[in-house]
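The file query29.txt comes next; it holds compact mmCIF, C-alpha atoms and all ligand atoms.
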```txt
# COMPACT_ATOMS: atom_id res chain seq x y z
CA MET T 264 86.77 74.29 144.72
CA PHE T 265 86.64 72.85 148.23
CA LEU T 266 83.59 73.84 150.27
CA SER T 267 83.13 73.03 153.94
CA LYS T 268 79.91 71.34 155.09
CA ASP T 269 78.62 74.70 156.38
CA GLU T 270 79.39 76.40 153.08
CA GLU T 271 77.63 73.64 151.17
CA LYS T 272 74.56 74.16 153.35
CA LEU T 273 74.48 77.84 152.34
CA LEU T 274 74.07 76.74 148.72
CA GLU T 275 70.82 75.11 149.79
CA SER T 276 69.67 77.81 152.18
CA ASP T 277 65.95 78.62 152.36
CA ASN T 278 66.97 82.27 152.18
CA TYR T 279 67.08 83.25 148.49
CA THR T 280 69.60 86.08 149.06
CA ILE T 281 72.08 83.88 150.91
CA ARG T 282 71.72 81.11 148.34
CA LYS T 283 72.29 83.53 145.44
CA CYS T 284 75.27 85.23 147.12
CA MET T 285 76.87 81.84 147.73
CA GLU T 286 76.20 80.79 144.13
CA ILE T 287 77.88 83.98 142.89
CA LEU T 288 81.00 83.34 144.99
CA VAL T 289 81.22 79.69 143.94
CA ALA T 290 80.78 80.61 140.26
CA ILE T 291 83.54 83.25 140.48
CA GLY T 292 85.74 80.82 142.38
CA LYS T 293 85.33 78.17 139.68
CA ILE T 294 86.05 80.62 136.86
CA PHE T 295 89.29 81.73 138.51
CA ASP T 296 90.35 78.31 139.82
CA ALA T 297 90.10 79.27 143.49
CA ASP T 298 90.88 76.35 145.83
CA ARG T 299 88.47 77.50 148.59
CA LEU T 300 86.70 80.45 150.18
CA ILE T 301 88.61 82.60 152.66
CA GLU T 302 87.31 84.89 155.39
CA ILE T 303 87.42 88.63 154.80
CA LYS T 304 87.92 91.45 157.32
CA SER T 305 85.69 93.95 155.52
CA ALA T 306 83.79 94.61 152.31
CA GLN T 307 83.18 97.78 150.32
CA VAL T 308 80.36 98.11 147.80
CA SER T 309 80.58 100.45 144.79
CA GLY T 310 78.19 101.48 142.00
CA ILE T 311 75.53 102.80 144.36
CA SER T 312 74.83 106.12 142.67
CA TYR T 313 71.34 106.02 141.17
CA ASP T 314 73.05 107.51 138.09
CA ASN T 315 74.89 104.18 137.69
CA ILE T 316 72.53 101.63 139.14
CA GLY T 317 69.22 102.78 137.60
CA ASP T 318 65.76 101.35 138.33
CA ALA T 319 66.72 97.73 137.77
CA GLY T 320 69.52 98.07 140.33
CA VAL T 321 67.24 99.72 142.89
CA GLU T 322 64.67 96.94 142.52
CA TRP T 323 67.33 94.24 142.80
CA LEU T 324 68.77 95.78 146.00
CA GLU T 325 65.27 96.07 147.47
CA SER T 326 64.63 92.38 146.74
CA LEU T 327 67.53 91.23 148.94
CA ASN T 328 66.86 89.94 152.42
CA ALA T 329 69.93 89.24 154.55
CA LYS T 330 72.46 91.00 156.77
CA VAL T 331 76.15 91.54 156.06
CA LYS T 332 78.51 89.40 158.13
CA VAL T 333 81.54 91.72 158.18
CA PRO T 334 81.97 95.51 158.40
CA THR T 335 80.72 96.71 155.04
CA LEU T 336 81.11 100.23 153.73
CA CYS T 337 79.77 101.83 150.58
CA ASN T 338 81.08 104.15 147.90
CA PRO T 339 79.80 107.69 147.22
CA ALA T 340 76.21 108.10 146.06
CA GLY T 341 74.91 110.51 143.42
CA MET T 342 74.33 113.40 145.81
CA ASP T 343 75.11 114.94 149.18
CA LEU T 344 72.38 113.34 151.29
CA ILE T 345 71.71 116.64 153.08
CA ARG T 346 72.74 119.40 150.66
CA TRP T 347 71.49 117.77 147.45
CA ARG T 348 69.45 120.84 146.45
CA GLU T 349 72.59 123.02 146.50
CA MET T 350 74.10 120.61 143.97
CA GLY T 351 71.12 121.08 141.66
CA ILE T 352 69.77 117.55 142.19
CA ASP T 353 66.04 117.17 141.50
CA GLU T 354 63.37 115.54 143.72
CA ASP T 355 62.99 112.50 141.48
CA PHE T 356 66.69 111.66 141.63
CA TYR T 357 66.71 112.30 145.39
CA GLU T 358 63.88 109.84 145.98
CA LYS T 359 65.43 107.12 143.83
CA GLN T 360 68.84 107.60 145.45
CA MET T 361 67.26 107.35 148.91
CA ARG T 362 65.70 104.01 147.94
CA VAL T 363 69.21 102.74 147.18
CA ILE T 364 70.47 104.09 150.51
CA ASN T 365 67.60 102.54 152.47
CA ALA T 366 67.98 99.16 150.77
CA LEU T 367 71.69 99.12 151.66
CA LYS T 368 70.92 100.15 155.25
CA GLU T 369 68.46 97.23 155.51
CA LEU T 370 71.31 94.89 154.57
CA GLY T 371 73.46 96.36 157.36
CA VAL T 372 75.81 98.33 155.09
CA SER T 373 77.32 101.29 156.91
CA MET T 374 76.54 104.64 155.29
CA SER T 375 80.18 105.67 154.87
CA LEU T 376 79.50 106.87 151.30
CA THR T 377 83.17 107.30 150.59
CA CYS T 378 85.87 105.90 148.32
CA THR T 379 88.37 106.15 151.19
CA PRO T 380 87.19 103.29 153.45
CA TYR T 381 90.74 102.88 154.77
CA TYR T 382 90.25 106.07 156.83
CA LEU T 383 87.24 104.48 158.54
CA VAL T 384 87.76 100.76 158.97
CA GLU T 385 90.97 99.38 160.44
CA THR T 386 92.82 97.68 157.58
CA ASN T 387 96.19 96.03 158.10
CA TYR T 388 98.96 94.36 156.16
CA GLY T 389 97.88 90.88 155.00
CA ASP T 390 94.14 91.38 155.67
CA HIS T 391 91.87 89.79 153.09
CA LEU T 392 89.14 92.14 151.85
CA ALA T 393 86.41 92.31 149.20
CA TRP T 394 86.46 95.92 148.06
CA ALA T 395 84.95 97.26 144.87
CA GLU T 396 86.09 100.88 144.52
CA SER T 397 89.08 100.78 142.17
CA SER T 398 91.03 103.57 143.90
CA ALA T 399 90.50 102.01 147.33
CA ILE T 400 91.55 98.60 146.00
CA VAL T 401 94.85 100.01 144.76
CA TYR T 402 95.43 101.84 148.05
CA ALA T 403 94.64 98.75 150.15
CA ASN T 404 96.86 96.44 148.09
CA SER T 405 99.73 98.82 147.48
CA VAL T 406 100.01 101.27 150.37
CA ILE T 407 98.65 99.09 153.19
CA GLY T 408 99.63 95.64 151.87
CA ALA T 409 96.14 94.22 152.43
CA ARG T 410 94.75 91.86 149.78
CA THR T 411 91.72 92.39 147.60
CA ASN T 412 90.78 91.64 144.02
CA ARG T 413 88.98 94.21 141.91
CA GLU T 414 85.48 93.26 143.02
CA SER T 415 82.31 94.46 141.36
CA GLY T 416 79.53 95.99 143.48
CA ILE T 417 77.65 92.69 143.26
CA THR T 418 80.54 90.37 144.19
CA ALA T 419 81.56 92.69 147.05
CA LEU T 420 78.00 92.58 148.39
CA ALA T 421 77.85 88.78 148.01
CA SER T 422 81.13 88.54 149.95
CA ALA T 423 79.79 90.91 152.60
CA ILE T 424 76.71 88.72 153.13
CA ILE T 425 78.66 85.45 153.22
CA GLY T 426 81.72 86.95 154.98
CA LYS T 427 84.08 85.25 152.51
CA THR T 428 85.67 85.57 149.09
CA PRO T 429 87.17 83.00 146.69
CA ASN T 430 90.91 82.55 147.18
CA TYR T 431 92.46 83.62 143.85
CA GLY T 432 94.22 86.56 142.22
CA LEU T 433 95.72 89.09 144.59
CA HIS T 434 94.84 87.06 147.67
CA ILE T 435 97.79 84.85 146.67
CA LYS T 436 101.24 86.34 147.18
CA GLU T 437 102.85 85.17 143.92
CA ASN T 438 100.15 86.94 141.87
CA ARG T 439 101.21 90.26 143.36
CA ALA T 440 104.57 90.37 141.57
CA PRO T 441 105.25 93.44 139.40
CA ASP T 442 105.22 93.04 135.60
CA VAL T 443 106.82 96.27 134.45
CA ARG T 444 109.29 98.83 135.83
CA VAL T 445 108.17 102.46 135.64
CA ILE T 446 110.49 105.41 136.13
CA VAL T 447 108.77 108.68 137.01
CA ASP T 448 111.59 110.82 135.75
CA LYS T 449 110.52 114.32 136.68
CA GLU T 450 108.89 115.83 139.74
CA ILE T 451 105.45 115.57 138.20
CA ASP T 452 102.20 115.48 140.16
CA PRO T 453 101.51 111.89 141.33
CA ALA T 454 97.99 112.05 139.84
CA ILE T 455 99.47 112.70 136.40
CA ALA T 456 102.18 110.09 136.91
CA GLY T 457 99.43 107.57 137.72
CA TYR T 458 97.27 108.66 134.79
CA GLU T 459 100.12 108.31 132.28
CA THR T 460 101.36 105.04 133.82
CA GLY T 461 97.88 103.50 133.62
CA ARG T 462 97.55 104.44 129.96
CA ILE T 463 100.74 102.57 129.15
CA VAL T 464 100.72 99.57 131.51
CA GLU T 465 96.93 98.95 131.31
CA ASP T 466 96.14 96.22 133.86
CA LYS T 467 99.73 95.17 134.60
CA ILE T 468 101.26 95.70 138.06
CA PRO T 469 103.97 98.38 137.88
CA PHE T 470 107.08 98.68 140.03
CA VAL T 471 107.45 102.45 140.28
CA GLU T 472 110.53 104.54 141.01
CA PHE T 473 109.59 108.11 141.84
CA LYS T 474 112.11 110.92 141.47
CA LYS T 475 110.31 112.67 144.33
CA LYS T 476 108.68 110.31 146.83
CA PRO T 477 104.97 111.04 147.28
CA ASN T 478 103.32 111.10 150.71
CA SER T 479 100.29 108.88 151.40
CA ASP T 480 97.91 111.36 149.76
CA GLY T 481 100.18 111.41 146.69
CA LEU T 482 100.14 107.60 146.59
CA LYS T 483 96.34 107.74 146.87
CA ALA T 484 96.16 110.09 143.86
CA PHE T 485 98.68 108.00 141.88
CA GLY T 486 96.79 104.74 142.49
CA ALA T 487 93.36 106.20 141.71
CA ALA T 488 94.56 107.54 138.36
CA LEU T 489 96.49 104.34 137.57
CA ALA T 490 93.37 102.22 138.09
CA ALA T 491 91.21 104.61 136.05
CA SER T 492 93.28 105.17 132.91
CA GLY T 493 94.50 101.56 132.97
CA GLY T 494 93.02 98.87 135.15
CA SER T 495 95.84 97.93 137.43
CA PRO T 496 94.79 96.61 140.86
CA MET T 497 98.03 97.58 142.61
CA PHE T 498 101.56 98.95 142.30
CA HIS T 499 104.82 98.71 144.17
CA ALA T 500 106.76 101.90 144.86
CA LYS T 501 110.48 101.60 145.52
CA GLU T 502 111.39 102.24 149.17
CA ILE T 503 107.78 103.19 149.97
CA THR T 504 105.21 100.40 149.76
CA PRO T 505 105.35 97.39 152.11
CA GLU T 506 106.02 94.65 149.54
CA TRP T 507 108.45 96.48 147.24
CA GLU T 508 111.40 94.24 148.14
CA ASP T 509 109.50 90.95 147.97
CA PHE T 510 109.79 90.37 144.22
CA GLU T 511 112.31 90.62 141.39
CA ILE T 512 112.37 93.98 139.63
CA PRO T 513 110.95 93.50 136.09
CA SER T 514 113.27 94.03 133.14
CA GLU T 515 110.72 95.80 130.88
CA LYS T 516 111.08 99.52 131.60
CA ILE T 517 109.08 102.63 130.72
CA VAL T 518 109.67 106.28 131.55
CA ILE T 519 106.90 108.72 132.48
CA ASP T 520 107.60 112.40 132.01
CA GLY T 521 104.36 114.40 131.99
CA LEU T 522 101.06 115.19 130.32
CA LYS T 523 100.12 117.11 127.20
CA GLN T 524 96.59 118.43 127.26
CA GLU T 525 94.25 120.72 125.40
CA ASN T 526 92.88 123.71 127.26
CA CYS T 527 89.38 124.92 128.07
CA GLU T 528 87.97 127.65 130.32
CA PRO T 529 86.74 125.93 133.50
CA ASP T 530 83.27 126.75 134.84
CA LEU T 531 83.74 124.21 137.64
CA ILE T 532 86.83 123.45 139.70
CA ALA T 533 86.42 120.08 141.40
CA ILE T 534 88.74 118.72 144.08
CA GLY T 535 88.46 115.54 146.09
CA CYS T 536 88.74 112.49 143.84
CA PRO T 537 89.46 110.33 145.79
CA HIS T 538 87.78 112.01 148.78
CA LEU T 539 90.08 114.39 150.61
CA SER T 540 91.89 113.43 153.78
CA LYS T 541 91.95 115.78 156.78
CA GLU T 542 95.47 116.87 155.80
CA GLU T 543 94.42 117.70 152.24
CA LEU T 544 91.49 119.71 153.56
CA LYS T 545 93.95 121.77 155.61
CA VAL T 546 96.14 122.38 152.56
CA VAL T 547 93.06 123.55 150.61
CA TYR T 548 92.24 126.01 153.38
CA ASP T 549 95.85 127.30 153.57
CA LEU T 550 95.89 127.92 149.82
CA LEU T 551 92.46 129.55 149.83
CA SER T 552 93.28 131.83 152.72
CA LYS T 553 96.41 133.03 150.87
CA MET T 554 94.71 133.45 147.48
CA GLY T 555 91.41 134.99 148.58
CA ARG T 556 87.74 134.46 147.86
CA VAL T 557 86.47 131.98 145.31
CA LYS T 558 85.20 133.66 142.12
CA ARG T 559 84.11 130.57 140.15
CA THR T 560 82.34 127.42 141.29
CA LEU T 561 84.69 125.40 143.50
CA TRP T 562 83.38 122.06 144.72
CA ILE T 563 85.33 120.02 147.24
CA PHE T 564 84.44 116.41 148.02
CA THR T 565 85.21 114.44 151.15
CA SER T 566 83.51 111.95 153.42
CA ARG T 567 80.85 112.98 155.93
CA ASN T 568 83.08 111.56 158.61
CA ILE T 569 85.92 113.96 157.73
CA VAL T 570 83.47 116.88 157.57
CA GLN T 571 82.08 116.05 160.99
CA GLU T 572 85.53 115.78 162.53
CA ASN T 573 86.62 119.08 160.96
CA LYS T 574 83.55 121.27 161.21
CA GLU T 575 85.45 124.50 161.95
CA LEU T 576 87.84 123.99 159.07
CA VAL T 577 84.97 123.25 156.67
CA LYS T 578 83.17 126.38 157.85
CA LYS T 579 86.25 128.50 157.16
CA ILE T 580 86.65 126.99 153.68
CA GLU T 581 83.00 127.66 152.88
CA SER T 582 83.22 131.21 154.23
CA LEU T 583 85.71 131.82 151.39
CA GLY T 584 83.13 130.77 148.80
CA ALA T 585 83.83 127.06 148.17
CA LYS T 586 81.28 124.27 148.72
CA VAL T 587 82.35 121.18 150.66
CA PHE T 588 80.07 118.28 149.77
CA SER T 589 79.92 114.80 151.33
CA ASP T 590 78.55 111.41 150.32
CA THR T 591 79.19 111.99 146.61
CA CYS T 592 81.72 113.18 144.05
CA MET T 593 82.07 114.95 140.70
CA VAL T 594 82.18 111.65 138.80
CA VAL T 595 79.26 109.69 140.29
CA SER T 596 76.87 112.64 140.67
CA PRO T 597 74.72 113.75 137.72
CA ALA T 598 75.20 117.35 138.99
CA THR T 599 78.46 117.71 137.03
CA ARG T 600 76.68 117.33 133.68
CA ARG T 601 75.52 120.95 133.59
CA PHE T 602 79.08 122.29 133.41
CA GLU T 603 81.12 122.57 130.24
CA CYS T 604 84.72 122.40 131.39
CA VAL T 605 85.89 121.01 134.72
CA MET T 606 89.35 121.64 136.13
CA THR T 607 90.47 118.95 138.55
CA ASN T 608 93.59 117.80 140.35
CA SER T 609 92.50 114.18 139.93
CA GLY T 610 93.83 111.85 137.26
CA LYS T 611 90.81 109.61 137.82
CA ALA T 612 88.30 112.44 137.26
CA LEU T 613 90.32 113.57 134.24
CA GLU T 614 89.75 110.10 132.74
CA TYR T 615 86.10 109.63 133.71
CA LEU T 616 84.44 113.06 133.45
CA PRO T 617 84.50 113.21 129.63
CA LYS T 618 83.43 109.55 129.36
CA THR T 619 80.64 109.48 131.93
CA LYS T 620 79.43 113.09 132.10
CA ASN T 621 80.24 114.29 128.61
CA VAL T 622 82.08 117.36 129.94
CA ARG T 623 85.57 118.49 129.05
CA ALA T 624 88.16 118.06 131.78
CA ILE T 625 91.57 119.60 132.30
CA PHE T 626 94.18 118.89 134.91
CA GLY T 627 95.70 121.37 137.32
CA ASN T 628 97.59 120.53 140.50
CA LEU T 629 95.96 121.60 143.75
CA ARG T 630 97.64 125.03 143.77
CA GLU T 631 96.67 125.68 140.14
CA CYS T 632 93.07 124.63 140.84
CA ILE T 633 92.79 127.06 143.76
CA GLU T 634 94.51 129.79 141.76
CA VAL T 635 92.02 129.44 138.90
CA ALA T 636 89.07 129.25 141.33
CA THR T 637 90.06 132.54 142.97
CA LYS T 638 91.04 134.43 139.80
FE1 LIG T 701 86.07 108.54 144.73
FE2 LIG T 701 84.36 109.48 143.01
FE3 LIG T 701 86.90 109.69 142.54
S1 LIG T 701 84.18 107.60 144.07
S2 LIG T 701 87.83 107.97 143.52
S3 LIG T 701 85.80 110.66 144.24
S4 LIG T 701 85.38 109.05 141.10
```
Any chance you could put this one into structure tokens?
Ligand code: F3S
Amino acid sequence: MFLSKDEEKLLESDNYTIRKCMEILVAIGKIFDADRLIEIKSAQVSGISYDNIGDAGVEWLESLNAKVKVPTLCNPAGMDLIRWREMGIDEDFYEKQMRVINALKELGVSMSLTCTPYYLVETNYGDHLAWAESSAIVYANSVIGARTNRESGITALASAIIGKTPNYGLHIKENRAPDVRVIVDKEIDPAIAGYETGRIVEDKIPFVEFKKKPNSDGLKAFGAALAASGGSPMFHAKEITPEWEDFEIPSEKIVIDGLKQENCEPDLIAIGCPHLSKEELKVVYDLLSKMGRVKRTLWIFTSRNIVQENKELVKKIESLGAKVFSDTCMVVSPATRRFECVMTNSGKALEYLPKTKNVRAIFGNLRECIEVATK
């Protein structure tokens, strides 16, 4: 892999953090046959919940000593930084999580604490990024047409500190071609279409034909579920996504027509995976105001930024009995473990809640979730 004189110097830097970050990028570049490093517009670091990172991760973050070179955001943490007690988080977890937060702040990472960085940092077609949250990666690649590989928390942070990433994988146009054609035959919820597609295509890139075209929130839900039940880093959607006409349509074809699931009686209804947009928050309020007060536990997750910009709306939603939490989500917070059955409108949460929190999960679309919450 070609390195400029300046890049070579970083490999011999007196600063341990910079030297290690550079070594990580060069090692990844060599593994994947990258020809060089390329500049990135932004980075996004995942895996920052203390529930995931543990003591070793906290100590490692605290040992770093450098500043990020590009706008760098971070994924949700294990708790709402302000309302953690209402989630049932204990003092010990709070303190450990705050050490993670403070270590990231020291590095210059912005406390976005959201999996929807594209609402916060300007991201355009063709931009090179180093993002680590799988749902945001799919959204950036597919819906925006920006370019990022599926980074880990560590490689995203290394890229943030160096300001570059190795040029391989989805940074190169020809690697973005679809492998399999997917027909979403019925008007099924995009989250379920994504969940079922991911299970079949695994990490291939699908070219998707929707019977009913989803809006951007639908594409967000589709991509998040696709990346969770499979491992695909992007999709093309016919007549919707920016690169859908740039490649040949694959001959291998599969048809998606819905989900069969077992039932359970939900003691938690959880919405906001990925974090809700302003528009989705409005839809939640409209549904709640028609259906009445919440009678079970209804948790809604969005970014602090969206909450701050929509304080009145959030107040109205909470006056009907729901809780709107920021900085965290039902999958990365340990708070979800105390429930037995979670109903969610997220294909990603449907995949991860049983695996990571050992709780049963059932799917309902947004209307069904609000109906059950108010019943
Ligand atoms: Fe976001 Fe948490 Fe879902 S990070 S995509 S809300 S699992």
(request) Please extract the residues at most 10 Å from ligand LIG 701 (chain T), counting only C-alpha atoms and all ligand atoms, and provide them as an MDAnalysis selection string, using the chain letters and residue numbers of this document. (result) chainID T and resid 309:312 337:341 376:379 396:399 483:484 486:488 490:491 533:539 563:566 590:596 609:616
Would you mind exporting C-alpha atoms of the selected residues as a short mmCIF file (atom, residue, chain, number, x, y, z; two decimals), in the coordinates of the input?
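result_29.cif was written with the following content:
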```cif
data_model
loop_
_atom_site.label_atom_id
_atom_site.label_comp_id
_atom_site.auth_asym_id
_atom_site.auth_seq_id
_atom_site.Cartn_x
_atom_site.Cartn_y
_atom_site.Cartn_z
CA SER T 309 80.58 100.45 144.79
CA GLY T 310 78.19 101.48 142.00
CA ILE T 311 75.53 102.80 144.36
CA SER T 312 74.83 106.12 142.67
CA CYS T 337 79.77 101.83 150.58
CA ASN T 338 81.08 104.15 147.90
CA PRO T 339 79.80 107.69 147.22
CA ALA T 340 76.21 108.10 146.06
CA GLY T 341 74.91 110.51 143.42
CA LEU T 376 79.50 106.87 151.30
CA THR T 377 83.17 107.30 150.59
CA CYS T 378 85.87 105.90 148.32
CA THR T 379 88.37 106.15 151.19
CA GLU T 396 86.09 100.88 144.52
CA SER T 397 89.08 100.78 142.17
CA SER T 398 91.03 103.57 143.90
CA ALA T 399 90.50 102.01 147.33
CA LYS T 483 96.34 107.74 146.87
CA ALA T 484 96.16 110.09 143.86
CA GLY T 486 96.79 104.74 142.49
CA ALA T 487 93.36 106.20 141.71
CA ALA T 488 94.56 107.54 138.36
CA ALA T 490 93.37 102.22 138.09
CA ALA T 491 91.21 104.61 136.05
CA ALA T 533 86.42 120.08 141.40
CA ILE T 534 88.74 118.72 144.08
CA GLY T 535 88.46 115.54 146.09
CA CYS T 536 88.74 112.49 143.84
CA PRO T 537 89.46 110.33 145.79
CA HIS T 538 87.78 112.01 148.78
CA LEU T 539 90.08 114.39 150.61
CA ILE T 563 85.33 120.02 147.24
CA PHE T 564 84.44 116.41 148.02
CA THR T 565 85.21 114.44 151.15
CA SER T 566 83.51 111.95 153.42
CA ASP T 590 78.55 111.41 150.32
CA THR T 591 79.19 111.99 146.61
CA CYS T 592 81.72 113.18 144.05
CA MET T 593 82.07 114.95 140.70
CA VAL T 594 82.18 111.65 138.80
CA VAL T 595 79.26 109.69 140.29
CA SER T 596 76.87 112.64 140.67
CA SER T 609 92.50 114.18 139.93
CA GLY T 610 93.83 111.85 137.26
CA LYS T 611 90.81 109.61 137.82
CA ALA T 612 88.30 112.44 137.26
CA LEU T 613 90.32 113.57 134.24
CA GLU T 614 89.75 110.10 132.74
CA TYR T 615 86.10 109.63 133.71
CA LEU T 616 84.44 113.06 133.45
#
```
(request) Point out the residue among T:Glu572, T:Glu270, T:Asp353, T:Glu286 with the least atom-to-atom distance to Thr418 of chain T, counting all atoms listed in the file. (result)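 Under the stated criterion, the closest residue is T:Glu286.
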(message) What does the structure give for the distance between atom CA of Gly317 of chain T and atom CA of Ile364 of chain T, in Å to one decimal?
(response)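 These atoms are spaced 13.0 Å apart.
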(request) Could you tell me which of T:Glu349, T:Asp314, T:Glu542, T:Asp549 comes closest to Ser479 of chain T if we count only C-alpha atoms? (result)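 Looking at the shortest contact to Ser479 of chain T, the residue is T:Glu542.
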(request) Find the residue from T:Ile301, T:Ile503, T:Ile517, T:Leu344 that sits nearest to Tyr431 of chain T; use all atoms listed in the file when measuring. (result)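 The closest residue to Tyr431 of chain T is T:Ile301.
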(request) For atom CA of Lys474 of chain T and atom CA of Cys632 of chain T, determine how far apart the two atoms are, in Å to one decimal place. (result)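 Answer for the atom CA of Lys474 of chain T to atom CA of Cys632 of chain T separation: 23.5 Å.
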(request) Kindly indicate which residue among T:Cys604, T:Ile316, T:Ile424, T:Ile569 lies nearest to Tyr382 of chain T, using only C-alpha atoms for the distances. (result)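 Checking each candidate against Tyr382 of chain T, we get T:Ile569 as the closest.
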(request) Would you mind listing what lies within 10 Å of Glu515 of chain T as a list in words, with all atoms listed in the file counted and same-chain residues fewer than 4 positions away left out? (result)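 Final neighbour list, sorted by chain and number: Asp442, Val443, Arg444 and Val445 of chain T.
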(request) Within 10 Å of Glu271 of chain T, counting all atoms listed in the file, which residues show up once you throw out same-chain ones fewer than 5 positions away? Write them as a ChimeraX atom specification, please. (result) /T:265-266,276,282,285
(message) Nearest residue to Thr504 of chain T out of T:Asn608, T:Ser405, T:Asn278, T:Asn438, using all atoms listed in the file?
(response)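 Among the listed residues, the smallest separation from Thr504 of chain T belongs to T:Ser405.
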Export segment 313-326 of chain T of the preceding structure, keeping N, CA, C and O atoms, as a PDB file, in the first residue's frame.
```
ATOM      1  N   TYR T 313     -21.393   0.719  27.940  1.00  0.00           N
ATOM      2  CA  TYR T 313     -20.566  -0.034  28.882  1.00  0.00           C
ATOM      3  C   TYR T 313     -20.982  -1.509  28.872  1.00  0.00           C
ATOM      4  O   TYR T 313     -20.162  -2.393  29.118  1.00  0.00           O
ATOM      5  N   ASP T 314     -22.249  -1.778  28.547  1.00  0.00           N
ATOM      6  CA  ASP T 314     -22.738  -3.155  28.443  1.00  0.00           C
ATOM      7  C   ASP T 314     -21.953  -3.936  27.382  1.00  0.00           C
ATOM      8  O   ASP T 314     -21.827  -5.146  27.474  1.00  0.00           O
ATOM      9  N   ASN T 315     -21.464  -3.253  26.346  1.00  0.00           N
ATOM     10  CA  ASN T 315     -20.689  -3.933  25.297  1.00  0.00           C
ATOM     11  C   ASN T 315     -19.200  -3.874  25.572  1.00  0.00           C
ATOM     12  O   ASN T 315     -18.475  -4.829  25.375  1.00  0.00           O
ATOM     13  N   ILE T 316     -18.747  -2.707  25.988  1.00  0.00           N
ATOM     14  CA  ILE T 316     -17.309  -2.440  25.997  1.00  0.00           C
ATOM     15  C   ILE T 316     -16.612  -2.994  27.242  1.00  0.00           C
ATOM     16  O   ILE T 316     -15.445  -3.398  27.180  1.00  0.00           O
ATOM     17  N   GLY T 317     -17.309  -3.029  28.378  1.00  0.00           N
ATOM     18  CA  GLY T 317     -16.755  -3.599  29.608  1.00  0.00           C
ATOM     19  C   GLY T 317     -15.546  -2.831  30.141  1.00  0.00           C
ATOM     20  O   GLY T 317     -15.146  -1.795  29.588  1.00  0.00           O
ATOM     21  N   ASP T 318     -14.952  -3.356  31.217  1.00  0.00           N
ATOM     22  CA  ASP T 318     -13.844  -2.645  31.878  1.00  0.00           C
ATOM     23  C   ASP T 318     -12.614  -2.520  30.988  1.00  0.00           C
ATOM     24  O   ASP T 318     -11.954  -1.484  30.972  1.00  0.00           O
ATOM     25  N   ALA T 319     -12.323  -3.573  30.237  1.00  0.00           N
ATOM     26  CA  ALA T 319     -11.123  -3.529  29.381  1.00  0.00           C
ATOM     27  C   ALA T 319     -11.268  -2.405  28.354  1.00  0.00           C
ATOM     28  O   ALA T 319     -10.316  -1.660  28.080  1.00  0.00           O
ATOM     29  N   GLY T 320     -12.486  -2.265  27.811  1.00  0.00           N
ATOM     30  CA  GLY T 320     -12.728  -1.218  26.814  1.00  0.00           C
ATOM     31  C   GLY T 320     -12.609   0.174  27.409  1.00  0.00           C
ATOM     32  O   GLY T 320     -12.043   1.087  26.798  1.00  0.00           O
ATOM     33  N   VAL T 321     -13.131   0.338  28.630  1.00  0.00           N
ATOM     34  CA  VAL T 321     -13.052   1.646  29.296  1.00  0.00           C
ATOM     35  C   VAL T 321     -11.580   2.013  29.497  1.00  0.00           C
ATOM     36  O   VAL T 321     -11.145   3.122  29.174  1.00  0.00           O
ATOM     37  N   GLU T 322     -10.812   1.044  30.002  1.00  0.00           N
ATOM     38  CA  GLU T 322      -9.387   1.332  30.271  1.00  0.00           C
ATOM     39  C   GLU T 322      -8.639   1.641  28.981  1.00  0.00           C
ATOM     40  O   GLU T 322      -7.795   2.538  28.941  1.00  0.00           O
ATOM     41  N   TRP T 323      -8.941   0.932  27.925  1.00  0.00           N
ATOM     42  CA  TRP T 323      -8.278   1.185  26.642  1.00  0.00           C
ATOM     43  C   TRP T 323      -8.605   2.611  26.148  1.00  0.00           C
ATOM     44  O   TRP T 323      -7.704   3.364  25.773  1.00  0.00           O
ATOM     45  N   LEU T 324      -9.891   2.979  26.209  1.00  0.00           N
ATOM     46  CA  LEU T 324     -10.273   4.338  25.754  1.00  0.00           C
ATOM     47  C   LEU T 324      -9.555   5.401  26.588  1.00  0.00           C
ATOM     48  O   LEU T 324      -9.077   6.409  26.058  1.00  0.00           O
ATOM     49  N   GLU T 325      -9.479   5.152  27.892  1.00  0.00           N
ATOM     50  CA  GLU T 325      -8.839   6.135  28.777  1.00  0.00           C
ATOM     51  C   GLU T 325      -7.324   6.241  28.545  1.00  0.00           C
ATOM     52  O   GLU T 325      -6.707   7.233  28.909  1.00  0.00           O
ATOM     53  N   SER T 326      -6.750   5.202  27.915  1.00  0.00           N
ATOM     54  CA  SER T 326      -5.297   5.228  27.679  1.00  0.00           C
ATOM     55  C   SER T 326      -4.944   6.031  26.420  1.00  0.00           C
ATOM     56  O   SER T 326      -3.775   6.305  26.171  1.00  0.00           O
TER      57      SER T 326
END
```
